[in-house]
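coords.cif (mmCIF, C-alpha atoms) appears below.
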```
data_model
#
loop_
_atom_site.label_atom_id
_atom_site.label_comp_id
_atom_site.auth_asym_id
_atom_site.auth_seq_id
_atom_site.Cartn_x
_atom_site.Cartn_y
_atom_site.Cartn_z
CA MET A 275 144.02 235.34 165.52
CA CYS A 276 146.94 234.32 163.39
CA CYS A 277 147.21 231.06 165.31
CA ASP A 278 143.53 230.27 164.74
CA TYR A 279 143.91 230.92 161.03
CA SER A 280 146.96 228.60 160.86
CA SER A 281 145.10 225.84 162.69
CA GLU A 282 142.10 226.11 160.38
CA PHE A 283 144.36 226.01 157.34
CA LEU A 284 146.16 222.93 158.70
CA LEU A 285 142.88 221.13 159.40
CA ARG A 286 141.66 221.78 155.87
CA GLN A 287 144.88 220.31 154.46
CA ILE A 288 144.50 217.20 156.62
CA LEU A 289 140.89 216.82 155.49
CA ASN A 290 141.90 217.07 151.84
CA VAL A 291 144.61 214.43 152.31
CA LEU A 292 142.18 212.07 154.01
CA GLU A 293 139.61 212.49 151.27
CA GLN A 294 142.18 211.63 148.60
CA SER A 295 143.71 208.76 150.60
CA THR A 296 143.33 205.15 149.36
CA ILE A 297 144.13 203.52 152.69
CA ALA A 298 140.53 203.38 153.81
CA LYS A 299 138.03 201.76 151.45
CA LYS A 300 135.31 204.01 150.26
CA PRO A 301 131.77 202.72 149.96
CA LEU A 302 130.85 202.08 146.37
CA PRO A 303 128.37 204.67 145.12
CA SER A 304 124.96 203.38 144.17
CA ASP A 305 125.54 204.41 140.55
CA ASP A 306 128.59 202.12 140.40
CA TRP A 307 126.56 199.21 141.81
CA ASN A 308 123.85 199.77 139.28
CA GLY A 309 126.44 199.83 136.52
CA PHE A 310 127.91 196.56 137.79
CA TRP A 311 124.55 194.79 137.78
CA ASP A 312 123.75 196.19 134.35
CA VAL A 313 126.97 194.67 133.01
CA TYR A 314 126.23 191.40 134.83
CA ASP A 315 122.74 191.19 133.37
CA GLN A 316 124.05 191.90 129.87
CA GLU A 317 126.81 189.29 130.08
CA ALA A 318 124.46 186.72 131.60
CA GLU A 319 121.88 187.30 128.87
CA GLU A 320 124.48 186.92 126.11
CA PHE A 321 125.84 183.72 127.65
CA ASP A 322 122.42 182.16 128.17
CA LYS A 323 121.24 183.10 124.69
CA SER A 324 124.33 181.63 123.03
CA PHE A 325 124.21 178.49 125.18
CA VAL A 326 120.52 177.80 124.62
CA GLU A 327 120.50 178.57 120.89
CA ARG A 328 123.55 176.37 120.22
CA TYR A 329 122.15 173.31 121.93
CA LEU A 330 118.59 173.87 120.73
CA SER A 331 119.88 173.87 117.16
CA ASP A 332 121.91 170.69 117.73
CA LEU A 333 119.01 168.91 119.40
CA GLY A 334 116.63 169.97 116.64
CA ASN A 335 118.93 168.47 114.00
CA SER A 336 119.35 165.32 116.08
CA LEU A 337 115.59 164.97 116.46
CA ILE A 338 114.99 165.26 112.71
CA PHE A 339 117.75 162.75 111.93
CA ALA A 340 116.51 160.33 114.60
CA GLY A 341 112.98 160.46 113.19
CA LEU A 342 114.08 159.82 109.60
CA PHE A 343 116.53 157.11 110.59
CA SER A 344 113.97 155.36 112.81
CA ALA A 345 111.55 155.28 109.87
CA VAL A 346 114.21 153.66 107.66
CA SER A 347 115.12 151.12 110.35
CA ALA A 348 111.49 150.26 111.01
CA THR A 349 110.93 149.68 107.28
CA PHE A 350 113.81 147.21 107.06
CA LEU A 351 112.67 145.43 110.22
CA GLY A 352 109.12 145.20 108.92
CA ILE A 353 110.39 143.47 105.79
CA MET A 354 112.56 141.02 107.74
CA LEU A 355 110.09 140.37 110.55
CA SER A 356 108.68 137.31 108.80
CA ASN A 357 112.07 135.58 109.11
CA LEU A 358 111.48 135.14 112.84
CA SER A 359 108.45 132.87 112.30
CA PRO A 360 107.67 129.89 110.06
CA ASP A 361 106.80 130.68 106.47
CA PRO A 362 103.03 130.06 106.04
CA SER A 363 103.55 129.25 102.36
CA ASP A 364 105.68 126.21 103.29
CA THR A 365 102.84 124.80 105.39
CA THR A 366 100.31 125.53 102.65
CA ASN A 367 102.44 123.79 100.00
CA ALA A 368 102.93 120.79 102.27
CA LEU A 369 99.17 120.46 102.85
CA LEU A 370 98.49 120.66 99.12
CA MET A 371 101.08 117.95 98.49
CA MET A 372 99.48 115.72 101.14
CA ILE A 373 96.01 116.21 99.63
CA TYR A 374 97.28 115.48 96.14
CA HIS A 375 99.15 112.42 97.43
CA GLN A 376 95.90 111.09 98.96
CA LEU A 377 94.18 111.48 95.62
CA ASN A 378 97.03 110.00 93.61
CA ASN A 379 99.41 107.65 95.44
CA THR A 380 101.79 107.58 92.49
CA ALA A 381 102.27 111.33 92.39
CA PHE A 382 105.37 111.32 94.61
CA PRO A 383 107.10 107.98 94.24
CA GLY A 384 109.34 107.12 97.17
CA GLN A 385 108.22 110.15 99.11
CA VAL A 386 105.59 110.61 101.80
CA PRO A 387 104.56 114.28 102.09
CA SER A 388 104.39 115.64 105.64
CA LEU A 389 104.15 118.96 107.40
CA PRO A 390 107.51 120.73 107.68
CA SER A 391 109.13 121.00 111.10
CA TRP A 392 110.49 124.32 112.32
CA ASP A 393 113.11 124.66 115.06
CA GLY A 394 113.33 128.43 115.02
CA PRO A 395 115.13 130.91 112.78
CA PRO A 396 118.83 130.45 111.91
CA TRP A 397 121.34 132.01 114.29
CA ILE A 398 122.42 134.56 111.70
CA ILE A 399 118.83 135.85 111.46
CA ILE A 400 118.60 136.13 115.25
CA TRP A 401 121.87 138.07 115.57
CA THR A 402 121.24 140.40 112.65
CA GLN A 403 117.76 141.28 113.81
CA THR A 404 119.07 141.77 117.35
CA LEU A 405 121.51 144.36 116.01
CA LEU A 406 118.83 146.03 113.90
CA TYR A 407 116.35 146.22 116.76
CA ALA A 408 119.11 147.56 119.02
CA SER A 409 119.77 150.22 116.38
CA LEU A 410 116.09 151.19 116.25
CA SER A 411 115.84 151.31 120.05
CA THR A 412 118.95 153.49 120.29
CA SER A 413 117.67 155.98 117.73
CA LEU A 414 114.31 156.19 119.52
CA LEU A 415 116.14 156.77 122.80
CA ALA A 416 118.11 159.57 121.13
CA ALA A 417 114.85 161.10 119.87
CA LEU A 418 113.45 161.01 123.40
CA GLY A 419 116.61 162.63 124.73
CA ALA A 420 116.38 165.38 122.09
CA VAL A 421 112.78 166.16 123.03
CA LEU A 422 113.58 166.26 126.74
CA GLY A 423 116.74 168.28 126.10
CA GLN A 424 114.78 170.97 124.27
CA LYS A 425 112.37 171.20 127.19
CA TRP A 426 115.23 171.42 129.70
CA LEU A 427 116.85 174.25 127.74
CA ARG A 428 113.60 176.20 127.53
CA ASP A 429 113.11 175.79 131.28
CA TYR A 430 116.66 177.05 131.83
CA ALA A 431 116.02 180.11 129.66
CA ASP A 432 112.71 180.85 131.41
CA ASN A 433 113.80 183.39 134.04
CA THR A 434 111.40 186.29 133.64
CA ARG A 435 109.26 186.04 136.80
CA GLY A 436 109.93 187.80 140.08
CA PRO A 437 112.09 190.74 141.18
CA ARG A 438 115.51 191.32 139.63
CA GLU A 439 117.37 190.08 142.71
CA TYR A 440 115.31 186.87 142.74
CA ARG A 441 115.91 186.30 139.03
CA ARG A 442 119.66 186.81 139.43
CA THR A 443 119.83 184.35 142.32
CA ARG A 444 117.74 181.76 140.48
CA ARG A 445 119.79 182.17 137.33
CA GLN A 446 123.04 181.64 139.24
CA LEU A 447 121.62 178.47 140.82
CA LYS A 448 120.76 177.19 137.35
CA VAL A 449 124.27 177.95 136.08
CA ASP A 450 125.80 176.12 139.04
CA GLY A 451 123.46 173.21 138.33
CA LEU A 452 124.85 172.90 134.79
CA GLU A 453 128.19 171.92 136.30
CA THR A 454 126.85 169.90 139.22
CA TRP A 455 124.55 167.73 137.10
CA HIS A 456 126.89 167.51 134.07
CA PHE A 457 124.18 168.96 131.86
CA GLU A 458 126.34 169.54 128.80
CA ALA A 459 127.76 166.01 128.98
CA VAL A 460 124.23 164.62 128.97
CA LEU A 461 123.32 166.67 125.90
CA ARG A 462 126.46 165.48 124.10
CA VAL A 463 125.40 161.86 124.65
CA ILE A 464 122.43 162.31 122.29
CA PRO A 465 124.49 162.66 119.06
CA ALA A 466 126.68 159.80 120.30
CA LEU A 467 123.58 157.60 120.57
CA LEU A 468 122.69 158.37 116.96
CA GLN A 469 126.21 157.48 115.85
CA LEU A 470 126.01 154.21 117.78
CA SER A 471 122.65 153.52 116.16
CA LEU A 472 124.20 154.00 112.72
CA LEU A 473 127.00 151.58 113.57
CA LEU A 474 124.58 148.92 114.82
CA PHE A 475 122.39 149.30 111.74
CA GLY A 476 125.32 149.04 109.33
CA THR A 477 126.71 146.01 111.15
CA GLY A 478 123.38 144.21 111.29
CA LEU A 479 122.51 144.96 107.67
CA GLY A 480 125.94 143.85 106.49
CA ALA A 481 125.68 140.56 108.40
CA TYR A 482 122.20 139.90 107.04
CA LEU A 483 123.23 140.55 103.45
CA TRP A 484 126.39 138.47 103.89
CA ALA A 485 124.19 135.42 104.46
CA GLN A 486 122.15 136.28 101.36
CA GLN A 487 124.59 137.63 98.76
CA ARG A 488 128.21 138.43 99.61
CA THR A 489 128.89 140.80 96.71
CA VAL A 490 126.09 143.11 97.78
CA ALA A 491 127.08 142.70 101.44
CA ALA A 492 130.66 143.72 100.67
CA VAL A 493 129.46 147.22 99.74
CA VAL A 494 127.64 147.67 103.05
CA VAL A 495 130.44 146.12 105.11
CA GLY A 496 133.07 148.24 103.35
CA THR A 497 131.13 151.48 103.86
CA THR A 498 130.43 150.72 107.51
CA SER A 499 134.06 149.74 108.18
CA PHE A 500 135.37 152.92 106.54
CA GLY A 501 132.96 155.07 108.55
CA ALA A 502 133.93 153.40 111.82
CA PHE A 503 137.66 153.69 111.01
CA PHE A 504 137.36 157.38 110.13
CA TYR A 505 135.37 158.07 113.30
CA ILE A 506 138.00 156.38 115.50
CA VAL A 507 140.89 158.20 113.80
CA ALA A 508 139.08 161.55 114.03
CA SER A 509 138.31 161.02 117.72
CA ILE A 510 141.91 160.13 118.56
CA SER A 511 143.33 162.99 116.47
CA SER A 512 141.04 165.62 118.01
CA HIS A 513 141.96 164.36 121.48
CA PHE A 514 145.73 164.64 121.02
CA TYR A 515 145.91 167.61 118.63
CA VAL A 516 144.19 170.86 119.55
CA SER A 517 144.44 172.10 115.95
CA CYS A 518 142.49 169.09 114.60
CA PRO A 519 139.01 170.28 113.51
CA PHE A 520 137.44 166.79 113.45
CA THR A 521 135.99 166.90 116.94
CA THR A 522 133.49 164.20 117.86
CA PRO A 523 131.21 163.84 120.90
#
```

Can you present the structure in this file as structure tokens?
Amino acid sequence: MCCDYSSEFLLRQILNVLEQSTIAKKPLPSDDWNGFWDVYDQEAEEFDKSFVERYLSDLGNSLIFAGLFSAVSATFLGIMLSNLSPDPSDTTNALLMMIYHQLNNTAFPGQVPSLPSWDGPPWIIIWTQTLLYASLSTSLLAALGAVLGQKWLRDYADNTRGPREYRRTRRQLKVDGLETWHFEAVLRVIPALLQLSLLLFGTGLGAYLWAQQRTVAAVVVGTTSFGAFFYIVASISSHFYVSCPFTTP
């Protein structure tokens, strides 16, 4: 009887040791799994909300700026569009001179009025308008990218259909796709397009005014040159110095 009691006591001690042992892995209780997924869902929601709101705000600002800037560019191009074709007033004046010369041969001594010839616009007009139209096209492309980017972000944030396991799997696939398809790099190109559009517009406008009046053109050329110089210096500084706050796309 004493031996049976000793054996039972020994078995209980062994059982207690095994229960407290960390050698064998214990299955995770269901409550712990539920807690893990609750934390995962919370962290995923915070990340997605911050990511979507940040880029939606940037794209909204880019879209507004692109729209206003495109309107300004289109206004300038509308004013200068007539420089790409012959001036109708020159032809009208020449016809009036020819009619008057037929009525009075002495009206223009030593001169025979004729219709003016036109060999196309000057090269400076062609180049300046090329830059201005390139600026307008770039800003419109940025506006298109901003509209598409907003739609892409809303599609990314739309993850409310289906069971929880399906939503988690789909959300993880979307997150992996951000890296695979360089999504953030594509979104950062949109502000860069607007900056390029500004540079093209300033360059084209400065060249056009330089052919018209150099004092006025000097203001535009100086402002554009300073902006380009500051942008280059800021980009280089932010690349080599982590503490530099002047980050550019």

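Of the residues under consideration (A:Phe514, A:Phe339, A:Phe503, A:Phe325), A:Phe339 shows the shortest atom-to-atom contact distance to Leu468 of chain A when counting all atoms listed in the file.
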
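Evaluating the PyMOL selection byres ((chain A and resi 431-433) around 8) against the shown model yields Asp322, Lys323, Val326, Leu427, Arg428, Asp429, Tyr430, Thr434, Arg435, Arg441, Arg444 and Arg445 of chain A.
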
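Rounded to one decimal, atom CA of Tyr329 of chain A and atom CA of Arg442 of chain A lie 22.2 Å from each other.
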
### Task
Let me know the residues the PyMOL selection byres ((chain A and resi 344) around 10) catches in the file above, as number ranges by chain.
A: 338-343, 345-350, 409-414, 417, 471

#### Entry: Ground truth for the PyMOL selection byres ((chain A and resi 354-356) around 12), written as a ChimeraX atom specification
/A:347-353,357-363,394-395,399-400,402-404,406-407,478-479,482-483

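Proximity ranking of A:Glu458, A:Val449, A:Trp397, A:Gly476 relative to Ala502 of chain A places A:Gly476 first, based on all atoms listed in the file.
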
Have segment 437-448 of chain A completed to all heavy atoms, please, and pass it along as a tab-separated table (two decimals), in the coordinates of the input.
```
chain	number	residue	atom	x	y	z
A	437	PRO	N	111.21	189.57	141.16
A	437	PRO	CA	112.09	190.74	141.18
A	437	PRO	C	113.45	190.44	140.56
A	437	PRO	O	113.84	189.28	140.39
A	437	PRO	CB	112.22	191.05	142.69
A	437	PRO	CG	111.11	190.32	143.34
A	437	PRO	CD	110.81	189.13	142.50
A	438	ARG	N	114.22	191.48	140.28
A	438	ARG	CA	115.51	191.32	139.63
A	438	ARG	C	116.46	190.52	140.51
A	438	ARG	O	117.21	189.66	140.02
A	438	ARG	CB	116.11	192.67	139.28
A	438	ARG	CG	115.33	193.44	138.24
A	438	ARG	CD	116.01	194.75	137.88
A	438	ARG	NE	117.28	194.52	137.23
A	438	ARG	CZ	118.09	195.51	136.81
A	438	ARG	NH1	117.75	196.77	137.03
A	438	ARG	NH2	119.22	195.24	136.22
A	439	GLU	N	116.46	190.80	141.81
A	439	GLU	CA	117.37	190.08	142.71
A	439	GLU	C	117.03	188.59	142.73
A	439	GLU	O	117.92	187.75	142.74
A	439	GLU	CB	117.28	190.66	144.13
A	439	GLU	CG	117.82	192.07	144.28
A	439	GLU	CD	116.87	193.13	143.73
A	439	GLU	OE1	115.74	192.76	143.38
A	439	GLU	OE2	117.27	194.31	143.64
A	440	TYR	N	115.74	188.27	142.75
A	440	TYR	CA	115.31	186.87	142.74
A	440	TYR	C	115.72	186.18	141.45
A	440	TYR	O	116.19	185.04	141.45
A	440	TYR	CB	113.80	186.79	142.93
A	440	TYR	CG	113.23	185.41	142.74
A	440	TYR	CD1	113.33	184.45	143.73
A	440	TYR	CD2	112.59	185.06	141.55
A	440	TYR	CE1	112.81	183.18	143.56
A	440	TYR	CE2	112.06	183.80	141.36
A	440	TYR	CZ	112.18	182.86	142.37
A	440	TYR	OH	111.67	181.60	142.19
A	441	ARG	N	115.54	186.88	140.32
A	441	ARG	CA	115.91	186.30	139.03
A	441	ARG	C	117.42	186.06	138.94
A	441	ARG	O	117.85	185.04	138.39
A	441	ARG	CB	115.45	187.22	137.89
A	441	ARG	CG	113.95	187.37	137.80
A	441	ARG	CD	113.53	187.87	136.42
A	441	ARG	NE	114.19	189.10	136.06
A	441	ARG	CZ	113.72	190.32	136.29
A	441	ARG	NH1	112.55	190.46	136.92
A	441	ARG	NH2	114.37	191.39	135.91
A	442	ARG	N	118.20	186.99	139.46
A	442	ARG	CA	119.66	186.81	139.43
A	442	ARG	C	120.08	185.61	140.28
A	442	ARG	O	120.93	184.82	139.86
A	442	ARG	CB	120.35	188.07	139.92
A	442	ARG	CG	120.25	189.25	138.96
A	442	ARG	CD	120.61	190.54	139.66
A	442	ARG	NE	120.47	191.70	138.76
A	442	ARG	CZ	120.31	192.94	139.19
A	442	ARG	NH1	120.26	193.18	140.51
A	442	ARG	NH2	120.20	193.93	138.34
A	443	THR	N	119.49	185.49	141.45
A	443	THR	CA	119.83	184.35	142.32
A	443	THR	C	119.42	183.03	141.69
A	443	THR	O	120.18	182.05	141.69
A	443	THR	CB	119.13	184.51	143.68
A	443	THR	OG1	119.51	185.76	144.27
A	443	THR	CG2	119.51	183.37	144.61
A	444	ARG	N	118.22	182.99	141.12
A	444	ARG	CA	117.74	181.76	140.48
A	444	ARG	C	118.58	181.42	139.25
A	444	ARG	O	118.90	180.25	139.02
A	444	ARG	CB	116.28	181.95	140.07
A	444	ARG	CG	115.66	180.72	139.42
A	444	ARG	CD	114.18	180.91	139.20
A	444	ARG	NE	113.61	179.80	138.46
A	444	ARG	CZ	113.29	178.63	138.98
A	444	ARG	NH1	113.49	178.41	140.26
A	444	ARG	NH2	112.77	177.67	138.24
A	445	ARG	N	118.97	182.42	138.51
A	445	ARG	CA	119.79	182.17	137.33
A	445	ARG	C	121.15	181.61	137.71
A	445	ARG	O	121.67	180.69	137.07
A	445	ARG	CB	119.94	183.48	136.55
A	445	ARG	CG	120.64	183.33	135.22
A	445	ARG	CD	122.08	183.75	135.29
A	445	ARG	NE	122.81	183.42	134.09
A	445	ARG	CZ	124.12	183.50	133.98
A	445	ARG	NH1	124.85	183.89	135.00
A	445	ARG	NH2	124.72	183.15	132.86
A	446	GLN	N	121.74	182.14	138.80
A	446	GLN	CA	123.04	181.64	139.24
A	446	GLN	C	122.93	180.19	139.73
A	446	GLN	O	123.83	179.38	139.51
A	446	GLN	CB	123.59	182.53	140.34
A	446	GLN	CG	125.03	182.20	140.73
A	446	GLN	CD	125.98	182.33	139.56
A	446	GLN	OE1	125.92	183.30	138.80
A	446	GLN	NE2	126.86	181.35	139.39
A	447	LEU	N	121.83	179.86	140.40
A	447	LEU	CA	121.62	178.47	140.82
A	447	LEU	C	121.53	177.53	139.62
A	447	LEU	O	122.05	176.42	139.64
A	447	LEU	CB	120.34	178.38	141.66
A	447	LEU	CG	120.39	179.02	143.05
A	447	LEU	CD1	119.01	178.97	143.71
A	447	LEU	CD2	121.42	178.32	143.93
A	448	LYS	N	120.86	178.01	138.57
A	448	LYS	CA	120.76	177.19	137.35
A	448	LYS	C	122.13	177.00	136.71
A	448	LYS	O	122.45	175.90	136.24
A	448	LYS	CB	119.80	177.84	136.35
A	448	LYS	CG	118.34	177.80	136.78
A	448	LYS	CD	117.46	178.43	135.71
A	448	LYS	CE	116.00	178.36	136.08
A	448	LYS	NZ	115.12	178.96	135.03
```
